[in-house]
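Have a look at the structure below before the remarks.
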Amino acid sequence: MVVFEKPKALTDAVLHYCPGCTHGIVHRLVAEAIDELGIEGRTIGIAPVGCSVMAYDYFACDMIEASHGRAPAVATGVKRALPDNIVFAYQGDGDLASIGLCETVSTAARGENVTIIFINNAIYGMTGGQMAPTSLIGQVTQTSPYGRDPKTQGYPINICELLATLDAPYYLERVTVNSVPHVRQAKKAIKKAFQNQVEGKGYSLIEVVSACPTNWGMTPQKALEWIETDMLPRYPLGVYRDKDAEGKEN
Amino acid sequence: MSEKVLMKGNEAIAEAAILAGCRHYFGYPITPQTEVAAYMSKKMPKIGGTFLQAESEIAAINMVYGVASTGKRAMTSSSSPGISLKTEGISYLAGADLPALIVNVQRGGPGLGGIQPSQSDYFLATRGPGHGDFHVLVFAPSSVQEMADLTSKAFELAEKYRMPAMLLADGTMGQMMEPVVLPEPVETVAEKPWAVTGTKGEREHNIINSLYLKPAELEQTNLDRFARYKLIEENEPMWEEFMMEDAEVCVVSTGITARVSRNAIVEARKQGIKVGMIRPITLWPFPKKPLVEAADKVKSFIAVELNMGQMKEDIELAIRCKKDVALCSRVGGMIPSPDEVLEAIKTTAGKEA
Amino acid sequence: MANHEIIIAGFGGQGLLFSGKVLAYAGLLENRELSWLPSYGPEMRGGTANCNVILSDTPVGSPIVQHPNVLMVMNLPSLDKYEADVVPGGAIFVDSTLIARKVERTDVEAYYVPATQMANEMGFPGLANMILLGAVIKVTGCISEEGLPAALKKVIPARKADLFDANMAALKAGADCIK
């Protein structure tokens, strides 16, 4: 009896992520959601620039690599061309909340029927640990060596809260993956975000507060604890918009 | 569809794109090409197509990238400053070998520049508009009829060679009305085995990508692409010759300045000056062959253009500086009059006499 | 038929581009070679506006009219700007309600039509352009008068179709000014 196997929506490619990086967990959750909804054959994923840029090798569905920040625009194009397909973008914090913030807000404001998976680990991983739009106050990074100072480097951007000011988004939830119960909740949220699209409900974004032990300079274990002690106070978990719960169909 | 209709150049582009099977248009307002977007916003909803006013030029070209990834025909249109913004996306389209149409109805620059006609994006278009080593097909219409015909041609060749195409018009071509016979509608667009449409569980996944971290792999994609470019340079240059049979002076011009030059040439001929014109219709691939042939026959060339001599350099390269190439140009939205071109022709002819 | 290189100029909002389109569509219906080129940009929104129309029996080269043989002007700056460009023997049509001065050139034909005043008296204050155009067509024969109704139908947008009769009446009133 098989009690644990790899989701079919993942290829056999070996992930390149660092030890303790939570991308692997989130990839798996996305793949499980695709498997359980039986949509792999019609799903198109978009991986823009960031640590997950090579996600096109890991997901077994059709994939597009996009330029930095533009995944929501590419997703819009794909969805408009193939409205019956399922389209998701998998973006990091620099991509989604900095260089691509315009596309993020505009795509959400249009209520495009797409699913956005947002990895918020408060740092630029791929380029080696620079300050992100979501870096915490006081957080030391390569480009904030004295700690993020709001006077010169501003405050973190809370994406779920920001997008919740818009009318169109259907579902916005912030989750994390630093413990088994949190992973279970993240899975539920991600699956719902895909389910919403299947049902034509509109824009869903799941923000996953994630760990980057390498660039945080921590052990994997310590990084998961740091999510709890430092990240979550700034980025509270929870549902920021759910039109199902509000009883408002589009 | 053979009935002649009166249309603005910008409208002719839009209608020709629809007839070519393009059902996805993304754009951002900018003078002097806004009629393309206005036309699309009226027509697309009625034929089940997409018109989307994007949040930016950058978003628009990336929406085009998304549609192109699915194998469907997509386009965006803009004018010079907007094209600068699109160049990132054009580079990605080229790197991922995706066909798409980008319309540039040029205005004067640099910077915000002006809104009157210009051809000053010649370098930008012909040298590969964006980072990296690549080309896009570049078409330079000189009439409203060509605005329509070259739109169809651009979609066709972009798909044939899997690369972006740019329709490089000047503001005059976009704004003027002329009688035009619209092209026949394209009923079916070829299947694209490379497109992302969902695997349906029937094939390996397709990947649209321009990232190659292994240098040898990336080198090979460049070499393959340039092998295709070589074929294009052999097979696809387009040009028109006017009164070249016995010409001793050869005017080279495109777009509105080719129209102005035509008047000047007719007048010069009346005055006994043997002058003709080679009008490049594709700017990349540049029609080198007729220029090389002309270089053996004529005494000199004159580039007539709305920039500081950008195409002049291509002429000199094509003929390997075998003959002098004079420049007759106005910039910033100014257009030379037939009299100014005539003067340039006389001066050039006089020097050789 | 002679070639006509026409400049129509005045203020934005006087319907000058529209007048040019009437000529262009009439030319299309007569199967002539033609071009219609507007000025464009912010100047169109209340400032000066002009369009160049070429009607020809041979393919049109430059659509930019450098030396018009027909000039129709509806404000003083336009007369000042273009008067000197008209070819000798050409014709200048002036809305004499809006332009007080006379044409200074003596080698051209000048026609003065109080188009704006006539339009107001006829109850079509927006149609001075068509009155002046009626005079242009009558004098120059640049397009045939028979083709006008069909051309007008092409140019008048569907939502303003009820203005067809008024436009025709304005054209006729302008033509009737020419003895």
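Residues in the structure tokens are numbered from 1 in each chain, the chains being A, B, ... in the order shown, and ligands are numbered from 1 in the order shown.
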Segment 214-230 of chain A: which residues within 9 Å, counting only C-alpha atoms, same-chain residues fewer than 3 positions away excluded, as a list in words?
->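 Non-adjacent residues within range: Cys18, Pro19, Gly20, Cys21, Asn121, Ile123, Tyr124, Gly125, Gly128, Gly129, Gln130, Leu136, Val140, Thr141, Gln142, Thr176, Val177, Asn178, Ser179, Val209, Ser210, Ala211, Pro233, Arg234 and Tyr235 of chain A.
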Show which residues sit within 9 Å of Gln145 of chain B, as a PyMOL selection string. Count only C-alpha atoms, and ignore same-chain residues fewer than 2 positions away.
-> chain B and resi 9+12+141-143+147-150+178-182
Could you list, as an MDAnalysis selection string, the residues of chain B having an atom within 7 Å of chain C when counting only C-alpha atoms?
-> chainID B and resid 115 175:179 259:260 262:263
Write to file, as a PDB file, in the first residue's frame, the residues of the selection just made, with all heavy atoms.
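Result file follows (result-v2.pdb):
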```
ATOM      1  N   ILE B 115       4.551  65.038 -30.904  1.00  0.00           N
ATOM      2  CA  ILE B 115       3.564  64.053 -31.364  1.00  0.00           C
ATOM      3  C   ILE B 115       3.463  64.027 -32.874  1.00  0.00           C
ATOM      4  O   ILE B 115       2.656  63.318 -33.433  1.00  0.00           O
ATOM      5  CB  ILE B 115       2.178  64.313 -30.758  1.00  0.00           C
ATOM      6  CG1 ILE B 115       1.689  65.718 -31.124  1.00  0.00           C
ATOM      7  CG2 ILE B 115       2.200  64.131 -29.247  1.00  0.00           C
ATOM      8  CD1 ILE B 115       0.229  65.938 -30.825  1.00  0.00           C
ATOM      9  N   GLN B 175      -2.440  58.763 -39.544  1.00  0.00           N
ATOM     10  CA  GLN B 175      -3.527  59.744 -39.511  1.00  0.00           C
ATOM     11  C   GLN B 175      -4.225  59.939 -40.847  1.00  0.00           C
ATOM     12  O   GLN B 175      -5.372  60.355 -40.894  1.00  0.00           O
ATOM     13  CB  GLN B 175      -2.974  61.100 -39.035  1.00  0.00           C
ATOM     14  CG  GLN B 175      -2.494  61.095 -37.589  1.00  0.00           C
ATOM     15  CD  GLN B 175      -3.605  60.815 -36.608  1.00  0.00           C
ATOM     16  OE1 GLN B 175      -4.719  61.283 -36.755  1.00  0.00           O
ATOM     17  NE2 GLN B 175      -3.305  60.012 -35.597  1.00  0.00           N
ATOM     18  N   MET B 176      -3.536  59.680 -41.963  1.00  0.00           N
ATOM     19  CA  MET B 176      -4.138  60.009 -43.254  1.00  0.00           C
ATOM     20  C   MET B 176      -5.178  58.972 -43.676  1.00  0.00           C
ATOM     21  O   MET B 176      -5.138  57.831 -43.241  1.00  0.00           O
ATOM     22  CB  MET B 176      -3.070  60.161 -44.332  1.00  0.00           C
ATOM     23  CG  MET B 176      -2.394  58.871 -44.725  1.00  0.00           C
ATOM     24  SD  MET B 176      -0.990  59.156 -45.842  1.00  0.00           S
ATOM     25  CE  MET B 176      -1.838  59.452 -47.366  1.00  0.00           C
ATOM     26  N   MET B 177      -6.115  59.423 -44.508  1.00  0.00           N
ATOM     27  CA  MET B 177      -7.100  58.510 -45.090  1.00  0.00           C
ATOM     28  C   MET B 177      -6.805  58.360 -46.568  1.00  0.00           C
ATOM     29  O   MET B 177      -6.485  59.339 -47.246  1.00  0.00           O
ATOM     30  CB  MET B 177      -8.512  59.086 -44.950  1.00  0.00           C
ATOM     31  CG  MET B 177      -9.121  58.934 -43.583  1.00  0.00           C
ATOM     32  SD  MET B 177     -10.935  58.902 -43.646  1.00  0.00           S
ATOM     33  CE  MET B 177     -11.318  60.445 -44.422  1.00  0.00           C
ATOM     34  N   GLU B 178      -6.926  57.141 -47.043  1.00  0.00           N
ATOM     35  CA  GLU B 178      -6.817  56.858 -48.468  1.00  0.00           C
ATOM     36  C   GLU B 178      -7.748  55.703 -48.774  1.00  0.00           C
ATOM     37  O   GLU B 178      -8.104  54.936 -47.885  1.00  0.00           O
ATOM     38  CB  GLU B 178      -5.381  56.429 -48.829  1.00  0.00           C
ATOM     39  CG  GLU B 178      -4.403  57.572 -48.922  1.00  0.00           C
ATOM     40  CD  GLU B 178      -3.016  57.109 -49.368  1.00  0.00           C
ATOM     41  OE1 GLU B 178      -2.533  56.070 -48.884  1.00  0.00           O
ATOM     42  OE2 GLU B 178      -2.440  57.805 -50.198  1.00  0.00           O
ATOM     43  N   PRO B 179      -8.084  55.538 -50.048  1.00  0.00           N
ATOM     44  CA  PRO B 179      -8.869  54.351 -50.401  1.00  0.00           C
ATOM     45  C   PRO B 179      -8.027  53.099 -50.164  1.00  0.00           C
ATOM     46  O   PRO B 179      -6.828  53.105 -50.418  1.00  0.00           O
ATOM     47  CB  PRO B 179      -9.145  54.525 -51.899  1.00  0.00           C
ATOM     48  CG  PRO B 179      -8.935  55.985 -52.164  1.00  0.00           C
ATOM     49  CD  PRO B 179      -7.877  56.416 -51.209  1.00  0.00           C
ATOM     50  N   ARG B 259       6.814  59.225 -50.141  1.00  0.00           N
ATOM     51  CA  ARG B 259       5.727  59.875 -50.892  1.00  0.00           C
ATOM     52  C   ARG B 259       6.159  61.273 -51.331  1.00  0.00           C
ATOM     53  O   ARG B 259       5.902  61.692 -52.460  1.00  0.00           O
ATOM     54  CB  ARG B 259       4.467  59.961 -50.013  1.00  0.00           C
ATOM     55  CG  ARG B 259       3.948  58.616 -49.521  1.00  0.00           C
ATOM     56  CD  ARG B 259       3.168  57.915 -50.591  1.00  0.00           C
ATOM     57  NE  ARG B 259       1.976  58.643 -50.944  1.00  0.00           N
ATOM     58  CZ  ARG B 259       0.743  58.315 -50.533  1.00  0.00           C
ATOM     59  NH1 ARG B 259       0.574  57.261 -49.759  1.00  0.00           N
ATOM     60  NH2 ARG B 259      -0.310  59.010 -50.924  1.00  0.00           N
ATOM     61  N   VAL B 260       6.799  61.991 -50.427  1.00  0.00           N
ATOM     62  CA  VAL B 260       7.272  63.344 -50.752  1.00  0.00           C
ATOM     63  C   VAL B 260       8.341  63.244 -51.849  1.00  0.00           C
ATOM     64  O   VAL B 260       8.349  64.016 -52.818  1.00  0.00           O
ATOM     65  CB  VAL B 260       7.852  64.024 -49.490  1.00  0.00           C
ATOM     66  CG1 VAL B 260       8.515  65.349 -49.847  1.00  0.00           C
ATOM     67  CG2 VAL B 260       6.756  64.237 -48.451  1.00  0.00           C
ATOM     68  N   ARG B 262       8.700  61.054 -54.107  1.00  0.00           N
ATOM     69  CA  ARG B 262       8.102  60.716 -55.397  1.00  0.00           C
ATOM     70  C   ARG B 262       7.729  61.986 -56.170  1.00  0.00           C
ATOM     71  O   ARG B 262       8.033  62.108 -57.364  1.00  0.00           O
ATOM     72  CB  ARG B 262       6.842  59.873 -55.126  1.00  0.00           C
ATOM     73  CG  ARG B 262       6.434  58.961 -56.224  1.00  0.00           C
ATOM     74  CD  ARG B 262       5.153  58.238 -55.803  1.00  0.00           C
ATOM     75  NE  ARG B 262       4.467  57.771 -56.985  1.00  0.00           N
ATOM     76  CZ  ARG B 262       4.578  56.516 -57.443  1.00  0.00           C
ATOM     77  NH1 ARG B 262       5.306  55.641 -56.803  1.00  0.00           N
ATOM     78  NH2 ARG B 262       3.942  56.158 -58.540  1.00  0.00           N
ATOM     79  N   ASN B 263       7.101  62.929 -55.471  1.00  0.00           N
ATOM     80  CA  ASN B 263       6.774  64.220 -56.114  1.00  0.00           C
ATOM     81  C   ASN B 263       8.044  64.897 -56.617  1.00  0.00           C
ATOM     82  O   ASN B 263       8.084  65.423 -57.740  1.00  0.00           O
ATOM     83  CB  ASN B 263       6.107  65.167 -55.108  1.00  0.00           C
ATOM     84  CG  ASN B 263       4.678  64.769 -54.793  1.00  0.00           C
ATOM     85  OD1 ASN B 263       4.310  63.613 -54.918  1.00  0.00           O
ATOM     86  ND2 ASN B 263       3.877  65.744 -54.377  1.00  0.00           N
TER      87      ASN B 263
END
```
So what do you get for atom CA of Ala173 of chain C versus atom CA of Asp107 of chain C, distance-wise?
-> 27.1 Å
Between B:Phe155, B:Phe139, B:Tyr28, B:Tyr212, which one has atoms that come closest to chain A, using only C-alpha atoms?
->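 Closest candidate: B:Tyr212.
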Fewer than 6 positions away in the same chain doesn't count, so skip those; otherwise give me all residues within 12 Å of Glu15 of chain B, counting only C-alpha atoms, as a PyMOL selection string.
-> chain B and resi 5+7-9+21-23+25+35-44+144-145+147-149+151-152+180-185
Keeping only N, CA, C and O atoms, take the residues you just selected and write them out as a tab-separated table (two decimals), in the first residue's frame.
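What landed in part.tsv:
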```tsv
chain	number	residue	atom	x	y	z
B	5	VAL	N	-12.57	51.02	-49.73
B	5	VAL	CA	-13.14	51.82	-48.66
B	5	VAL	C	-12.14	52.91	-48.27
B	5	VAL	O	-10.95	52.82	-48.59
B	7	MET	N	-10.25	54.76	-45.36
B	7	MET	CA	-9.91	54.53	-43.95
B	7	MET	C	-8.67	55.32	-43.57
B	7	MET	O	-7.80	55.55	-44.41
B	8	LYS	N	-8.59	55.64	-42.28
B	8	LYS	CA	-7.34	56.14	-41.73
B	8	LYS	C	-6.35	55.00	-41.65
B	8	LYS	O	-6.75	53.84	-41.42
B	9	GLY	N	-5.07	55.32	-41.76
B	9	GLY	CA	-4.05	54.28	-41.68
B	9	GLY	C	-4.15	53.46	-40.41
B	9	GLY	O	-4.05	52.23	-40.44
B	21	GLY	N	-7.08	37.36	-38.42
B	21	GLY	CA	-7.39	36.37	-37.38
B	21	GLY	C	-6.93	36.77	-35.99
B	21	GLY	O	-7.00	35.99	-35.06
B	22	CYS	N	-6.44	38.00	-35.84
B	22	CYS	CA	-6.02	38.47	-34.52
B	22	CYS	C	-7.27	38.80	-33.70
B	22	CYS	O	-8.08	39.62	-34.12
B	23	ARG	N	-7.42	38.16	-32.56
B	23	ARG	CA	-8.59	38.41	-31.70
B	23	ARG	C	-8.17	38.95	-30.33
B	23	ARG	O	-8.98	38.99	-29.41
B	25	TYR	N	-6.09	42.13	-28.58
B	25	TYR	CA	-5.38	43.39	-28.68
B	25	TYR	C	-5.21	43.98	-27.28
B	25	TYR	O	-6.16	44.03	-26.50
B	35	GLU	N	-6.11	55.67	-32.50
B	35	GLU	CA	-7.23	55.15	-33.31
B	35	GLU	C	-7.21	53.63	-33.40
B	35	GLU	O	-8.26	53.01	-33.57
B	36	VAL	N	-6.01	53.02	-33.31
B	36	VAL	CA	-5.96	51.56	-33.37
B	36	VAL	C	-6.73	50.99	-32.19
B	36	VAL	O	-7.60	50.13	-32.34
B	37	ALA	N	-6.43	51.51	-31.00
B	37	ALA	CA	-7.10	51.04	-29.78
B	37	ALA	C	-8.59	51.35	-29.84
B	37	ALA	O	-9.42	50.50	-29.48
B	38	ALA	N	-8.93	52.55	-30.29
B	38	ALA	CA	-10.34	52.94	-30.33
B	38	ALA	C	-11.12	51.99	-31.25
B	38	ALA	O	-12.22	51.54	-30.92
B	39	TYR	N	-10.52	51.68	-32.39
B	39	TYR	CA	-11.16	50.79	-33.35
B	39	TYR	C	-11.35	49.40	-32.74
B	39	TYR	O	-12.40	48.79	-32.84
B	40	MET	N	-10.29	48.92	-32.10
B	40	MET	CA	-10.35	47.59	-31.49
B	40	MET	C	-11.38	47.54	-30.36
B	40	MET	O	-12.07	46.53	-30.18
B	41	SER	N	-11.48	48.63	-29.61
B	41	SER	CA	-12.40	48.61	-28.47
B	41	SER	C	-13.85	48.53	-28.95
B	41	SER	O	-14.72	48.01	-28.26
B	42	LYS	N	-14.10	49.05	-30.16
B	42	LYS	CA	-15.44	48.96	-30.74
B	42	LYS	C	-15.69	47.57	-31.31
B	42	LYS	O	-16.76	47.01	-31.13
B	43	LYS	N	-14.70	47.07	-32.04
B	43	LYS	CA	-14.91	45.85	-32.83
B	43	LYS	C	-14.77	44.55	-32.04
B	43	LYS	O	-15.54	43.62	-32.22
B	44	MET	N	-13.74	44.46	-31.20
B	44	MET	CA	-13.42	43.17	-30.58
B	44	MET	C	-14.57	42.56	-29.79
B	44	MET	O	-14.84	41.37	-29.91
B	144	VAL	N	-1.89	53.88	-47.00
B	144	VAL	CA	-2.88	53.22	-46.15
B	144	VAL	C	-3.07	51.78	-46.62
B	144	VAL	O	-3.25	50.86	-45.82
B	145	GLN	N	-3.00	51.58	-47.94
B	145	GLN	CA	-3.10	50.22	-48.47
B	145	GLN	C	-2.02	49.32	-47.86
B	145	GLN	O	-2.28	48.19	-47.47
B	147	MET	N	-0.49	49.84	-45.02
B	147	MET	CA	-0.76	49.67	-43.59
B	147	MET	C	-1.56	48.37	-43.41
B	147	MET	O	-1.30	47.58	-42.49
B	148	ALA	N	-2.55	48.16	-44.29
B	148	ALA	CA	-3.37	46.95	-44.21
B	148	ALA	C	-2.57	45.72	-44.67
B	148	ALA	O	-2.48	44.72	-43.96
B	149	ASP	N	-1.99	45.81	-45.86
B	149	ASP	CA	-1.33	44.64	-46.45
B	149	ASP	C	-0.16	44.16	-45.59
B	149	ASP	O	0.05	42.96	-45.42
B	151	THR	N	0.27	44.60	-42.42
B	151	THR	CA	-0.21	44.01	-41.16
B	151	THR	C	-0.44	42.51	-41.37
B	151	THR	O	-0.01	41.68	-40.56
B	152	SER	N	-1.11	42.16	-42.46
B	152	SER	CA	-1.33	40.74	-42.76
B	152	SER	C	0.00	40.02	-42.94
B	152	SER	O	0.21	38.94	-42.40
B	180	VAL	N	-8.66	52.06	-49.67
B	180	VAL	CA	-7.92	50.83	-49.39
B	180	VAL	C	-8.83	49.65	-49.72
B	180	VAL	O	-10.03	49.68	-49.49
B	181	VAL	N	-8.22	48.63	-50.29
B	181	VAL	CA	-8.92	47.36	-50.50
B	181	VAL	C	-8.43	46.42	-49.40
B	181	VAL	O	-7.25	46.10	-49.34
B	182	LEU	N	-9.33	46.03	-48.52
B	182	LEU	CA	-8.91	45.23	-47.37
B	182	LEU	C	-8.57	43.81	-47.79
B	182	LEU	O	-9.15	43.28	-48.74
B	183	PRO	N	-7.61	43.20	-47.07
B	183	PRO	CA	-7.21	41.83	-47.42
B	183	PRO	C	-8.34	40.84	-47.15
B	183	PRO	O	-9.26	41.11	-46.37
B	184	GLU	N	-8.24	39.68	-47.79
B	184	GLU	CA	-9.20	38.60	-47.55
B	184	GLU	C	-9.02	38.10	-46.11
B	184	GLU	O	-7.90	38.05	-45.60
B	185	PRO	N	-10.11	37.70	-45.46
B	185	PRO	CA	-9.96	37.20	-44.09
B	185	PRO	C	-9.21	35.87	-44.04
B	185	PRO	O	-9.37	35.04	-44.93
```
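Between chain B and the residues A:Leu162, A:Ile25, A:Ala73, A:Val49, the shortest atom-to-atom distance, using only C-alpha atoms, involves A:Ala73.
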Do a neighbour search on Ile319 of chain B at 8 Å with only C-alpha atoms, toss out local chain neighbours closer than 6 positions, and write the hits as a list of chain:residue names.
->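 What passes the distance filter is B:Lys288, B:Leu291, B:Val292, B:Ala295.
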Using only C-alpha atoms, I'd like a table of the residues in chain B that come within 10 Å of chain A; for each, show the closest atom pair and its distance in Å rounded to one decimal, ordered by chain and ascending number, as a Markdown table.
```
| residue | atom | partner | partner_atom | distance |
| --- | --- | --- | --- | --- |
| B:Arg23 | CA | A:Ala81 | CA | 8.5 |
| B:His24 | CA | A:Ala81 | CA | 7.4 |
| B:Tyr25 | CA | A:Gly77 | CA | 9.5 |
| B:Phe26 | CA | A:Gly77 | CA | 8.8 |
| B:Gly49 | CA | A:Ala81 | CA | 8.8 |
| B:Thr50 | CA | A:Arg80 | CA | 6.9 |
| B:Phe51 | CA | A:Arg80 | CA | 9.7 |
| B:Leu52 | CA | A:Gly77 | CA | 9.5 |
| B:Ala54 | CA | A:Ser106 | CA | 8.4 |
| B:Glu55 | CA | A:Ser106 | CA | 6.4 |
| B:Ser56 | CA | A:Cys102 | CA | 8.3 |
| B:Ile58 | CA | A:Arg70 | CA | 8.0 |
| B:Ala59 | CA | A:Ala73 | CA | 5.3 |
| B:Ala60 | CA | A:Ala73 | CA | 7.3 |
| B:Ile61 | CA | A:Ala73 | CA | 8.4 |
| B:Asn62 | CA | A:Val74 | CA | 5.1 |
| B:Met63 | CA | A:Gly77 | CA | 4.1 |
| B:Val64 | CA | A:Gly77 | CA | 6.1 |
| B:Tyr65 | CA | A:Val74 | CA | 6.2 |
| B:Gly66 | CA | A:Val74 | CA | 4.2 |
| B:Val67 | CA | A:Gly77 | CA | 4.8 |
| B:Ala68 | CA | A:Val78 | CA | 8.2 |
| B:Ser69 | CA | A:Val78 | CA | 7.4 |
| B:Thr70 | CA | A:Val78 | CA | 6.6 |
| B:Gly71 | CA | A:Ala81 | CA | 9.1 |
| B:Lys72 | CA | A:Ala81 | CA | 7.2 |
| B:Arg73 | CA | A:Ala81 | CA | 9.4 |
| B:Ala74 | CA | A:Gly77 | CA | 9.1 |
| B:Glu88 | CA | A:Ser67 | CA | 8.1 |
| B:Gly89 | CA | A:Ser67 | CA | 7.5 |
| B:Ser91 | CA | A:Ser67 | CA | 9.8 |
| B:Tyr92 | CA | A:Ser67 | CA | 7.2 |
| B:Leu93 | CA | A:Ala66 | CA | 9.8 |
| B:Ala96 | CA | A:Glu65 | CA | 8.9 |
| B:Ala195 | CA | A:Asp62 | CA | 8.7 |
| B:Val196 | CA | A:Asp62 | CA | 5.5 |
| B:Thr197 | CA | A:Arg42 | CA | 7.0 |
| B:Gly198 | CA | A:Arg42 | CA | 4.0 |
| B:Thr199 | CA | A:Gly41 | CA | 4.7 |
| B:Lys200 | CA | A:Gly41 | CA | 3.7 |
| B:Gly201 | CA | A:Gly41 | CA | 4.9 |
| B:Glu202 | CA | A:Gly41 | CA | 7.9 |
| B:Arg203 | CA | A:Gly41 | CA | 9.2 |
| B:Glu204 | CA | A:Ala60 | CA | 7.7 |
| B:His205 | CA | A:Asp62 | CA | 4.7 |
| B:Asn206 | CA | A:Asp62 | CA | 5.0 |
| B:Ile207 | CA | A:Met63 | CA | 4.9 |
| B:Ile208 | CA | A:Ile64 | CA | 4.6 |
| B:Asn209 | CA | A:Glu65 | CA | 5.0 |
| B:Ser210 | CA | A:Glu65 | CA | 7.3 |
| B:Leu211 | CA | A:Glu65 | CA | 7.8 |
| B:Tyr212 | CA | A:Met54 | CA | 9.9 |
```
Determine which residues of segment 227-282 of chain B DSSP labels as strand (DSSP E or B) from the backbone of this structure, then write them out as a PyMOL selection string.
-> chain B and resi 239-242+249-253+275-280+282
Could you write out that same residue set with N, CA and C atoms as an mmCIF file, in the first residue's frame?
```cif
data_model
loop_
_atom_site.group_PDB
_atom_site.id
_atom_site.type_symbol
_atom_site.label_atom_id
_atom_site.label_comp_id
_atom_site.auth_asym_id
_atom_site.auth_seq_id
_atom_site.Cartn_x
_atom_site.Cartn_y
_atom_site.Cartn_z
ATOM 1 N N TRP B 239 10.943 45.528 -51.418
ATOM 2 C CA TRP B 239 11.215 46.910 -51.784
ATOM 3 C C TRP B 239 10.455 47.243 -53.054
ATOM 4 N N GLU B 240 10.423 48.526 -53.389
ATOM 5 C CA GLU B 240 9.788 48.974 -54.624
ATOM 6 C C GLU B 240 10.750 49.918 -55.316
ATOM 7 N N GLU B 241 10.842 49.783 -56.623
ATOM 8 C CA GLU B 241 11.706 50.701 -57.390
ATOM 9 C C GLU B 241 10.846 51.635 -58.208
ATOM 10 N N PHE B 242 11.296 52.868 -58.334
ATOM 11 C CA PHE B 242 10.541 53.901 -59.055
ATOM 12 C C PHE B 242 11.516 54.670 -59.956
ATOM 13 N N VAL B 249 20.972 59.219 -60.040
ATOM 14 C CA VAL B 249 20.877 59.509 -58.608
ATOM 15 C C VAL B 249 19.780 58.604 -58.049
ATOM 16 N N CYS B 250 20.076 57.964 -56.939
ATOM 17 C CA CYS B 250 19.093 57.048 -56.345
ATOM 18 C C CYS B 250 18.649 57.567 -54.977
ATOM 19 N N VAL B 251 17.374 57.942 -54.898
ATOM 20 C CA VAL B 251 16.801 58.325 -53.604
ATOM 21 C C VAL B 251 16.409 57.037 -52.877
ATOM 22 N N VAL B 252 16.688 56.976 -51.578
ATOM 23 C CA VAL B 252 16.228 55.841 -50.767
ATOM 24 C C VAL B 252 15.384 56.423 -49.646
ATOM 25 N N SER B 253 14.150 55.982 -49.569
ATOM 26 C CA SER B 253 13.251 56.577 -48.586
ATOM 27 C C SER B 253 12.090 55.637 -48.310
ATOM 28 N N VAL B 275 16.823 60.695 -62.073
ATOM 29 C CA VAL B 275 16.774 60.282 -60.673
ATOM 30 C C VAL B 275 15.665 59.255 -60.494
ATOM 31 N N GLY B 276 15.905 58.304 -59.619
ATOM 32 C CA GLY B 276 14.895 57.291 -59.301
ATOM 33 C C GLY B 276 14.891 57.027 -57.808
ATOM 34 N N MET B 277 14.108 56.029 -57.402
ATOM 35 C CA MET B 277 14.019 55.752 -55.962
ATOM 36 C C MET B 277 13.949 54.250 -55.706
ATOM 37 N N ILE B 278 14.652 53.822 -54.687
ATOM 38 C CA ILE B 278 14.450 52.488 -54.120
ATOM 39 C C ILE B 278 13.789 52.696 -52.768
ATOM 40 N N ARG B 279 12.602 52.124 -52.622
ATOM 41 C CA ARG B 279 11.858 52.296 -51.366
ATOM 42 C C ARG B 279 11.853 50.967 -50.602
ATOM 43 N N PRO B 280 12.669 50.891 -49.538
ATOM 44 C CA PRO B 280 12.622 49.665 -48.739
ATOM 45 C C PRO B 280 11.241 49.527 -48.101
ATOM 46 N N THR B 282 10.606 46.343 -46.322
ATOM 47 C CA THR B 282 11.102 45.740 -45.077
ATOM 48 C C THR B 282 12.381 46.478 -44.704
#
```
Would you list, as a ChimeraX atom specification, the residues of segment 23-128 of chain C that end up in helix (DSSP H, G or I) under DSSP run on this structure's backbone?
-> /C:23-29,42-44,76-85,115-122,128
Please identify every residue of segment 93-166 of chain A that has at least one atom no farther than 12 Å from an atom of segment 191-197 of chain A, counting only C-alpha atoms, and for each give the shortest atom pair and the distance in Å to one decimal, arranged by chain then increasing number, as a Markdown table.
```
| residue | atom | partner | partner_atom | distance |
| --- | --- | --- | --- | --- |
| A:Gly111 | CA | A:Gln197 | CA | 11.0 |
| A:Glu112 | CA | A:Gln197 | CA | 9.4 |
| A:Asn113 | CA | A:Gln197 | CA | 5.7 |
| A:Val114 | CA | A:Gln197 | CA | 6.1 |
| A:Thr115 | CA | A:Ala193 | CA | 6.0 |
| A:Ile116 | CA | A:Ala193 | CA | 8.1 |
| A:Ile117 | CA | A:Ala193 | CA | 8.9 |
| A:Phe118 | CA | A:Ala193 | CA | 11.8 |
```
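Pairwise distance (atom CA of Leu232 of chain A, atom CA of Val183 of chain A) equals 14.6 Å.
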Mind checking which residues fall within 12 Å of Cys177 of chain C, counting only C-alpha atoms, ignoring those fewer than 4 positions away in the same chain, and posting them as JSON, numbers by chain?
-> {"C": [93, 111, 112, 113, 114, 115, 118, 131, 132, 133, 134, 135, 136, 137, 138, 139, 170, 171, 172, 173]}
Residue contacts of segment 284-286 of chain B (7 Å, only C-alpha atoms) excluding same-chain residues fewer than 3 positions away, as a PyMOL selection string | chain B and resi 126+137-138+232-233+236-237
